[in-house]
>>> print(open('final09.csv').read())   # CSV, C-alpha atoms
chain,number,residue,atom,x,y,z
A,1,LEU,CA,-96.5,23.2,23.9
A,2,GLY,CA,-93.5,23.9,26.1
A,3,LEU,CA,-94.2,27.5,27.0
A,4,ALA,CA,-92.2,28.0,30.1
A,5,ARG,CA,-90.7,31.0,31.8
A,6,SER,CA,-88.6,31.2,35.0
A,7,GLY,CA,-90.9,31.7,37.9
A,8,GLY,CA,-93.6,29.4,36.4
A,9,VAL,CA,-95.8,32.1,34.8
A,10,LYS,CA,-99.1,30.7,33.7
A,11,TRP,CA,-100.3,31.7,30.3
A,12,LYS,CA,-103.8,33.0,29.8
A,13,ARG,CA,-104.2,32.6,26.0
A,14,ILE,CA,-102.5,31.9,22.7
A,15,ARG,CA,-103.3,33.9,19.6
A,16,ARG,CA,-102.1,34.0,16.1
A,17,GLU,CA,-100.4,37.1,14.6
A,18,LEU,CA,-99.6,38.1,11.0
A,19,TRP,CA,-96.0,36.8,11.1
A,20,GLY,CA,-96.4,33.6,13.1
A,21,TRP,CA,-97.5,32.7,16.6
A,22,ARG,CA,-96.8,34.6,19.8
A,23,TRP,CA,-98.0,34.2,23.3
A,24,VAL,CA,-99.3,37.0,25.5
A,25,ASN,CA,-99.7,36.9,29.3
A,26,LYS,CA,-102.4,38.7,31.4
A,27,HIS,CA,-100.4,41.9,31.3
A,28,ASN,CA,-100.4,41.8,27.5
A,29,ARG,CA,-96.7,41.4,27.3
A,30,THR,CA,-95.2,39.3,24.6
A,31,TRP,CA,-92.9,36.4,25.6
A,32,ALA,CA,-90.4,34.4,23.7
A,33,TYR,CA,-90.6,30.7,22.8
A,34,SER,CA,-89.0,28.4,25.3
A,35,SER,CA,-86.3,25.9,24.3
A,36,THR,CA,-88.8,23.1,24.7
A,37,THR,CA,-91.1,24.3,21.9
A,38,THR,CA,-92.2,21.4,19.7
A,39,THR,CA,-90.7,20.7,16.3
A,40,THR,CA,-93.9,21.8,14.6
A,41,THR,CA,-93.9,25.2,16.3
A,42,SER,CA,-90.2,25.7,15.6
A,43,THR,CA,-90.8,25.0,11.9
A,44,THR,CA,-93.6,27.6,11.9
A,45,VAL,CA,-91.4,30.2,13.5
A,46,SER,CA,-88.6,29.5,11.0
A,47,LEU,CA,-90.9,29.8,8.0
A,48,SER,CA,-92.5,32.9,9.3
A,49,LEU,CA,-89.2,34.7,9.9
A,50,SER,CA,-88.0,33.6,6.4
A,51,SER,CA,-91.1,35.1,4.9
A,52,VAL,CA,-90.5,38.4,6.6
A,53,SER,CA,-86.8,38.3,5.5
A,54,VAL,CA,-87.7,37.5,1.9
A,55,SER,CA,-90.4,40.1,1.7
A,56,SER,CA,-88.1,42.7,3.0
A,57,ARG,CA,-85.4,41.8,0.5
A,58,VAL,CA,-87.9,41.9,-2.4
A,59,ARG,CA,-89.1,45.3,-1.4
A,60,MET,CA,-85.6,46.6,-1.1
A,61,MET,CA,-84.7,45.3,-4.5
A,62,MET,CA,-87.8,46.8,-6.1
A,63,GLY,CA,-86.9,50.1,-4.5
A,64,LYS,CA,-83.5,50.1,-6.1
A,65,GLN,CA,-84.7,49.4,-9.6
A,66,LYS,CA,-84.3,52.3,-12.0
A,67,HIS,CA,-86.1,53.0,-15.2
A,68,ARG,CA,-84.2,52.8,-18.4
A,69,ARG,CA,-85.3,54.7,-21.5
A,70,GLN,CA,-84.4,54.5,-25.2
A,71,TYR,CA,-83.3,57.6,-27.1
A,72,SER,CA,-82.3,58.7,-30.6
A,73,LEU,CA,-80.7,61.8,-32.0
A,74,TRP,CA,-82.5,63.4,-34.9
A,75,ILE,CA,-81.9,66.2,-37.4
A,76,ARG,CA,-85.1,67.8,-38.7
A,77,PRO,CA,-85.5,70.3,-41.5
A,78,GLN,CA,-87.0,73.6,-40.3
A,79,GLU,CA,-90.8,73.2,-40.0
A,80,LYS,CA,-91.8,76.2,-42.1
A,81,SER,CA,-89.2,75.8,-44.7
A,82,GLU,CA,-90.2,74.7,-48.2
A,83,VAL,CA,-88.3,71.4,-47.9
A,84,GLY,CA,-89.8,70.7,-44.5
A,85,GLU,CA,-93.4,71.4,-45.6
A,86,ASN,CA,-92.9,69.3,-48.8
A,87,LEU,CA,-91.6,66.3,-46.7
A,88,HIS,CA,-94.4,66.6,-44.2
A,89,GLY,CA,-96.9,66.5,-47.0
A,90,MET,CA,-95.3,63.4,-48.6
A,91,ILE,CA,-95.1,61.5,-45.4
A,92,ASN,CA,-98.7,62.2,-44.6
A,93,ILE,CA,-99.9,61.2,-48.1
A,94,LEU,CA,-97.9,57.9,-48.1
A,95,ALA,CA,-99.1,57.1,-44.5
A,96,THR,CA,-102.7,57.6,-45.5
A,97,ARG,CA,-102.4,55.5,-48.6
A,98,HIS,CA,-100.7,52.6,-46.8
A,99,ASN,CA,-102.7,52.7,-43.6
A,100,THR,CA,-99.8,53.4,-41.3
A,101,GLU,CA,-98.6,56.2,-38.9
A,102,ALA,CA,-97.2,59.6,-40.1
A,103,PHE,CA,-94.2,61.1,-38.3
A,104,ASP,CA,-92.0,64.2,-38.4
A,105,PRO,CA,-89.4,64.2,-41.2
A,106,HIS,CA,-85.9,63.7,-39.9
A,107,VAL,CA,-82.5,62.3,-40.6
A,108,THR,CA,-81.4,60.0,-37.8
A,109,LEU,CA,-78.0,61.1,-36.4
A,110,LEU,CA,-77.8,58.1,-34.1
A,111,SER,CA,-80.2,55.4,-33.0
A,112,VAL,CA,-80.7,53.8,-30.5
A,113,PHE,CA,-79.1,54.2,-27.0
A,114,GLU,CA,-80.4,53.5,-23.5
A,115,ILE,CA,-79.7,55.3,-20.2
A,116,GLU,CA,-81.3,55.4,-16.7
A,117,ASP,CA,-83.2,58.5,-15.8
A,118,ASP,CA,-80.6,59.6,-13.2
A,119,ASP,CA,-77.9,59.7,-15.9
A,120,LEU,CA,-79.8,61.8,-18.5
A,121,GLU,CA,-78.4,65.1,-17.2
A,122,SER,CA,-74.7,64.1,-17.5
A,123,VAL,CA,-75.3,62.6,-21.0
A,124,GLU,CA,-77.0,65.9,-22.1
A,125,ASP,CA,-73.9,67.8,-20.9
A,126,SER,CA,-71.8,65.7,-23.1
A,127,LEU,CA,-74.1,66.2,-26.1
A,128,ARG,CA,-74.0,70.0,-25.5
A,129,GLY,CA,-70.2,69.8,-25.7
A,130,VAL,CA,-70.3,68.1,-29.1
A,131,ALA,CA,-72.9,70.6,-30.4
A,132,SER,CA,-70.9,73.6,-29.1
A,133,SER,CA,-67.8,72.6,-31.1
A,134,SER,CA,-69.8,71.7,-34.3
A,135,ARG,CA,-70.6,74.1,-37.0
A,136,PRO,CA,-73.9,74.3,-39.1
A,137,PHE,CA,-73.9,72.5,-42.4
A,138,ASP,CA,-76.2,71.4,-45.2
A,139,ILE,CA,-77.6,67.9,-45.7
A,140,VAL,CA,-78.0,66.7,-49.3
A,141,LEU,CA,-80.9,64.3,-50.0
A,142,GLY,CA,-81.0,61.7,-52.7
A,143,SER,CA,-83.8,59.8,-54.5
A,144,PRO,CA,-86.3,57.5,-52.9
A,145,GLU,CA,-85.0,54.0,-52.0
A,146,CYS,CA,-86.5,50.8,-50.6
A,147,GLY,CA,-85.2,49.2,-47.4
A,148,SER,CA,-85.9,45.7,-45.9
A,149,SER,CA,-87.3,46.6,-42.5
A,150,PHE,CA,-90.4,48.3,-41.1
A,151,TRP,CA,-88.4,51.4,-40.0
A,152,GLN,CA,-86.6,51.6,-43.3
A,153,CYS,CA,-89.4,50.9,-45.8
A,154,ILE,CA,-89.1,53.9,-48.1
A,155,PHE,CA,-86.6,56.7,-47.6
A,156,LEU,CA,-84.3,59.3,-49.1
A,157,LEU,CA,-80.7,58.2,-48.9
A,158,CYS,CA,-78.2,60.9,-48.0
A,159,PRO,CA,-75.1,60.1,-50.2
A,160,LEU,CA,-72.0,59.8,-48.0
A,161,GLN,CA,-69.7,61.5,-50.4
A,162,ARG,CA,-71.9,64.6,-50.4
A,163,ASN,CA,-72.5,64.7,-46.6
A,164,ALA,CA,-69.1,64.7,-45.0
A,165,GLU,CA,-70.1,67.1,-42.2
A,166,LEU,CA,-73.1,64.9,-41.3
A,167,VAL,CA,-70.8,61.8,-41.0
A,168,ARG,CA,-68.3,63.8,-38.9
A,169,LEU,CA,-71.1,64.8,-36.5
A,170,HIS,CA,-72.4,61.2,-36.3
A,171,ASP,CA,-68.9,60.0,-35.4
A,172,ALA,CA,-68.5,62.7,-32.7
A,173,VAL,CA,-71.8,61.9,-30.9
A,174,ARG,CA,-71.1,58.2,-31.3
A,175,ARG,CA,-67.7,58.4,-29.7
A,176,CYS,CA,-69.2,60.6,-26.9
A,177,LEU,CA,-71.9,58.0,-26.1
A,178,VAL,CA,-69.8,54.8,-26.5
A,179,ALA,CA,-67.2,56.2,-24.1
A,180,ASP,CA,-69.7,56.7,-21.3
A,181,PRO,CA,-70.2,53.5,-19.3
A,182,LYS,CA,-73.6,54.6,-18.3
A,183,VAL,CA,-74.9,54.5,-21.9
A,184,GLU,CA,-75.8,51.3,-23.8
A,185,VAL,CA,-75.6,52.0,-27.6
A,186,SER,CA,-77.4,49.7,-30.0
A,187,LEU,CA,-76.9,51.1,-33.5
A,188,ALA,CA,-79.6,50.4,-36.1
A,189,ASN,CA,-76.9,49.9,-38.7
A,190,LYS,CA,-73.3,48.9,-38.0
A,191,THR,CA,-72.2,51.3,-40.7
A,192,TYR,CA,-73.8,54.7,-40.7
A,193,MET,CA,-76.4,54.9,-43.4
A,194,PRO,CA,-77.9,58.4,-43.2
A,195,HIS,CA,-81.4,58.7,-44.6
A,196,LEU,CA,-84.7,60.5,-44.3
A,197,SER,CA,-87.6,58.0,-44.0
A,198,LEU,CA,-90.8,58.7,-46.0
A,199,LEU,CA,-92.8,55.6,-44.9
A,200,TYR,CA,-92.8,53.2,-42.0
A,201,SER,CA,-94.5,50.0,-43.1
A,202,ASP,CA,-94.1,46.2,-43.4
A,203,LEU,CA,-94.9,46.1,-47.1
A,204,VAL,CA,-93.3,43.3,-48.9
A,205,GLY,CA,-91.9,42.6,-52.4
A,206,GLY,CA,-93.5,44.5,-55.1
A,207,GLU,CA,-95.6,46.5,-52.7
A,208,ARG,CA,-92.4,48.3,-51.5
A,209,GLU,CA,-91.3,49.0,-55.0
A,210,SER,CA,-94.8,50.4,-55.8
A,211,ALA,CA,-94.6,52.7,-52.8
A,212,ARG,CA,-91.1,53.8,-53.8
A,213,GLY,CA,-92.6,54.7,-57.2
A,214,GLU,CA,-95.4,56.7,-55.5
A,215,ALA,CA,-92.8,58.7,-53.5
A,216,GLU,CA,-90.8,59.4,-56.7
A,217,GLU,CA,-93.9,60.8,-58.4
A,218,LEU,CA,-94.7,63.0,-55.4
A,219,LEU,CA,-91.2,64.4,-55.5
A,220,LYS,CA,-91.3,65.1,-59.2
A,221,GLY,CA,-94.6,66.9,-58.7
A,222,GLN,CA,-93.0,69.1,-56.0
A,223,ALA,CA,-89.7,69.7,-57.8
A,224,GLY,CA,-90.8,70.2,-61.3
A,225,GLY,CA,-89.8,66.8,-62.6
A,226,ASP,CA,-86.8,66.1,-60.4
A,227,ALA,CA,-87.0,63.0,-58.2
A,228,ARG,CA,-84.6,64.5,-55.7
A,229,CYS,CA,-85.7,66.6,-52.7
A,230,GLY,CA,-82.6,68.8,-52.7
A,231,SER,CA,-81.0,69.9,-49.4
A,232,PHE,CA,-81.7,71.7,-46.1
A,233,GLN,CA,-79.5,73.5,-43.6
A,234,VAL,CA,-78.7,72.0,-40.2
A,235,GLY,CA,-78.6,74.3,-37.2
A,236,GLU,CA,-79.1,71.8,-34.4
A,237,PHE,CA,-79.6,68.2,-33.6
A,238,GLU,CA,-82.3,67.0,-31.2
A,239,LEU,CA,-82.8,64.3,-28.5
A,240,TYR,CA,-85.9,62.2,-28.9
A,241,GLU,CA,-87.2,59.6,-26.6
A,242,THR,CA,-88.0,56.7,-28.9
A,243,PRO,CA,-89.2,53.6,-27.0
A,244,MET,CA,-89.3,50.7,-29.4
A,245,GLY,CA,-90.7,47.9,-27.1
A,246,GLY,CA,-91.0,45.4,-29.9
A,247,THR,CA,-94.0,47.2,-31.4
A,248,ASN,CA,-94.1,49.2,-34.6
A,249,THR,CA,-95.5,52.4,-33.4
A,250,THR,CA,-94.3,56.0,-33.0
A,251,LYS,CA,-97.1,57.1,-30.6
A,252,ALA,CA,-94.8,57.2,-27.5
A,253,TRP,CA,-92.0,59.1,-29.2
A,254,ARG,CA,-91.4,62.6,-27.9
A,255,ARG,CA,-88.9,65.4,-28.3
A,256,VAL,CA,-86.7,66.1,-25.2
A,257,ARG,CA,-84.7,69.1,-26.4
A,258,GLY,CA,-82.4,70.5,-29.1
A,259,TYR,CA,-78.7,71.2,-29.1
A,260,PRO,CA,-77.7,74.2,-31.3
A,261,LEU,CA,-74.5,73.9,-33.4
A,262,ARG,CA,-72.3,76.8,-32.2
A,263,GLY,CA,-68.9,76.0,-33.8
A,264,GLN,CA,-67.3,78.8,-35.7
A,265,GLY,CA,-65.5,77.1,-38.6
A,266,ALA,CA,-64.0,74.4,-36.4
A,267,GLN,CA,-64.2,70.8,-37.6
A,268,VAL,CA,-66.1,68.3,-35.5
>>> encode(input="final09.csv", output="structure tokens")
Amino acid sequence: LGLARSGGVKWKRIRRELWGWRWVNKHNRTWAYSSTTTTTTSTTVSLSLSSVSVSSRVRMMMGKQKHRRQYSLWIRPQEKSEVGENLHGMINILATRHNTEAFDPHVTLLSVFEIEDDDLESVEDSLRGVASSSRPFDIVLGSPECGSSFWQCIFLLCPLQRNAELVRLHDAVRRCLVADPKVEVSLANKTYMPHLSLLYSDLVGGERESARGEAEELLKGQAGGDARCGSFQVGEFELYETPMGGTNTTKAWRRVRGYPLRGQGAQV
């Protein structure tokens, strides 16, 4: 190896370090490679430096990655209200019968949107603004219906013509989120279809219709023969973290906070 330095310094030893070869003299000082270093040594140096550079870039990129989370907006009946308790009971019974997970009764105001953790605070400020200009209202629930997906297996449809305030609130939060470039909105339905789910399941064909009949009988038992659940008052909507992740489970869902409706007669 051509290890030369002006003055003709003699080298005592050569040792290998983590990022390539380097030569150390008797005073333990590190010296640079001379221009006469062989091709093999030059290649080793080049590869070693490239490895350091690539490793640094990878670590830098990993450090800049930010976590994105999925959220939905819910409207839940009051937990201790008659409607709320009846719906809780129905959902638990149907989940047990069909070997699936139970969940809190809710009407989905908007689902699903994604944001990075750092952007949550500004999005929440926007949602508070919508809530502060929206007034409380009632949601009217219809009869049990069948859907075609796991998340819309059996549900109570909210008739659009009887839920104008709900539709206006949906439109308001949708405009708010779509207008924010930090938010990625992926709606479950292109046209808003407000409903309150009673069963999450992958039942097929006649199984779904049978489960719908079960829900109908449960409602009739609660309402004295009427297969409709009635209505409930809305005083707030809530932000839920609802990671989907390609799996049909609600175990990681969690409530973040609620936004009280504080409007005084003003339209959304």
>>> closest_atom_pairs(input="final09.csv", of="stretch 161-196 of chain A", to="stretch 66-88 of chain A", cutoff="12 Å", atoms="only C-alpha atoms", output="JSON lines")
{"residue": "A:Leu166", "atom": "CA", "partner": "A:Ile75", "partner_atom": "CA", "distance": 9.7}
{"residue": "A:Leu169", "atom": "CA", "partner": "A:Ile75", "partner_atom": "CA", "distance": 10.9}
{"residue": "A:His170", "atom": "CA", "partner": "A:Leu73", "partner_atom": "CA", "distance": 9.4}
{"residue": "A:Val173", "atom": "CA", "partner": "A:Leu73", "partner_atom": "CA", "distance": 9.0}
{"residue": "A:Arg174", "atom": "CA", "partner": "A:Leu73", "partner_atom": "CA", "distance": 10.3}
{"residue": "A:Leu177", "atom": "CA", "partner": "A:Leu73", "partner_atom": "CA", "distance": 11.3}
{"residue": "A:Lys182", "atom": "CA", "partner": "A:Arg68", "partner_atom": "CA", "distance": 10.8}
{"residue": "A:Val183", "atom": "CA", "partner": "A:Gln70", "partner_atom": "CA", "distance": 10.1}
{"residue": "A:Glu184", "atom": "CA", "partner": "A:Gln70", "partner_atom": "CA", "distance": 9.3}
{"residue": "A:Val185", "atom": "CA", "partner": "A:Gln70", "partner_atom": "CA", "distance": 9.5}
{"residue": "A:Ser186", "atom": "CA", "partner": "A:Gln70", "partner_atom": "CA", "distance": 9.8}
{"residue": "A:Leu187", "atom": "CA", "partner": "A:Ser72", "partner_atom": "CA", "distance": 9.8}
{"residue": "A:Ala188", "atom": "CA", "partner": "A:Ser72", "partner_atom": "CA", "distance": 10.3}
{"residue": "A:Pro194", "atom": "CA", "partner": "A:Ile75", "partner_atom": "CA", "distance": 10.5}
{"residue": "A:His195", "atom": "CA", "partner": "A:Ile75", "partner_atom": "CA", "distance": 10.4}
{"residue": "A:Leu196", "atom": "CA", "partner": "A:Arg76", "partner_atom": "CA", "distance": 9.2}
>>> residues_around(input="final09.csv", residues="A:Cys176", least_positions_apart="2", cutoff="10 Å", atoms="only C-alpha atoms", output="ChimeraX atom specification")
/A:123,126-127,129-130,170-174,178-180,183
>>> atom_distance(input="final09.csv", atom1="atom CA of A:Val112", atom2="atom CA of A:Val167")
16.5 Å
>>> closest_residue(input="final09.csv", among="A:Ser210, A:Val204, A:Pro181, A:Arg255", to="A:Ser122", atoms="all atoms listed in the file")
A:Pro181
>>> closest_residue(input="final09.csv", among="A:Val256, A:Met90, A:Leu218, A:Leu199", to="A:Gln152", atoms="all atoms listed in the file")
A:Leu199
>>> atom_distance(input="final09.csv", atom1="atom CA of A:Gly246", atom2="atom CA of A:Asn189")
17.2 Å
>>> closest_residue(input="final09.csv", among="A:Gly245, A:Gly258, A:Gly89, A:Pro136", to="A:Ala215", atoms="only C-alpha atoms")
A:Gly89
>>> closest_residue(input="final09.csv", among="A:Phe155, A:Phe150, A:Tyr192, A:Phe137", to="A:Gln264", atoms="all atoms listed in the file")
A:Phe137
>>> closest_residue(input="final09.csv", among="A:Ala164, A:Thr108, A:Tyr240, A:Thr247", to="A:Met193", atoms="only C-alpha atoms")
A:Thr108
>>> atom_distance(input="final09.csv", atom1="atom CA of A:Leu157", atom2="atom CA of A:Leu141")
6.2 Å
>>> residues_around(input="final09.csv", residues="A:Glu236", least_positions_apart="2", cutoff="7 Å", atoms="only C-alpha atoms", output="JSON, numbers by chain")
{"A": [75, 234, 238, 258, 259, 260, 261]}
>>> residues_around(input="final09.csv", residues="A:Arg208", least_positions_apart="4", cutoff="8 Å", atoms="only C-alpha atoms", output="count of residues only")
6
>>> closest_residue(input="final09.csv", among="A:Gly230, A:Thr242, A:Gly206, A:Leu198", to="A:Glu145", atoms="all atoms listed in the file")
A:Leu198
>>> axis_aligned_box(input="final09.csv", around="stretch 103-113 of chain A", padding_each_side="8 Å", output="AutoDock Vina command-line options")
--center_x -86.0 --center_y 59.0 --center_z -34.1 --size_x 32.4 --size_y 26.4 --size_z 30.2
>>> residues_near_point(input="final09.csv", point="(-101.7, 57.0, -38.7)", cutoff="12 Å", atoms="all atoms listed in the file", output="PyMOL selection string")
chain A and resi 91-103+199-201+248-251
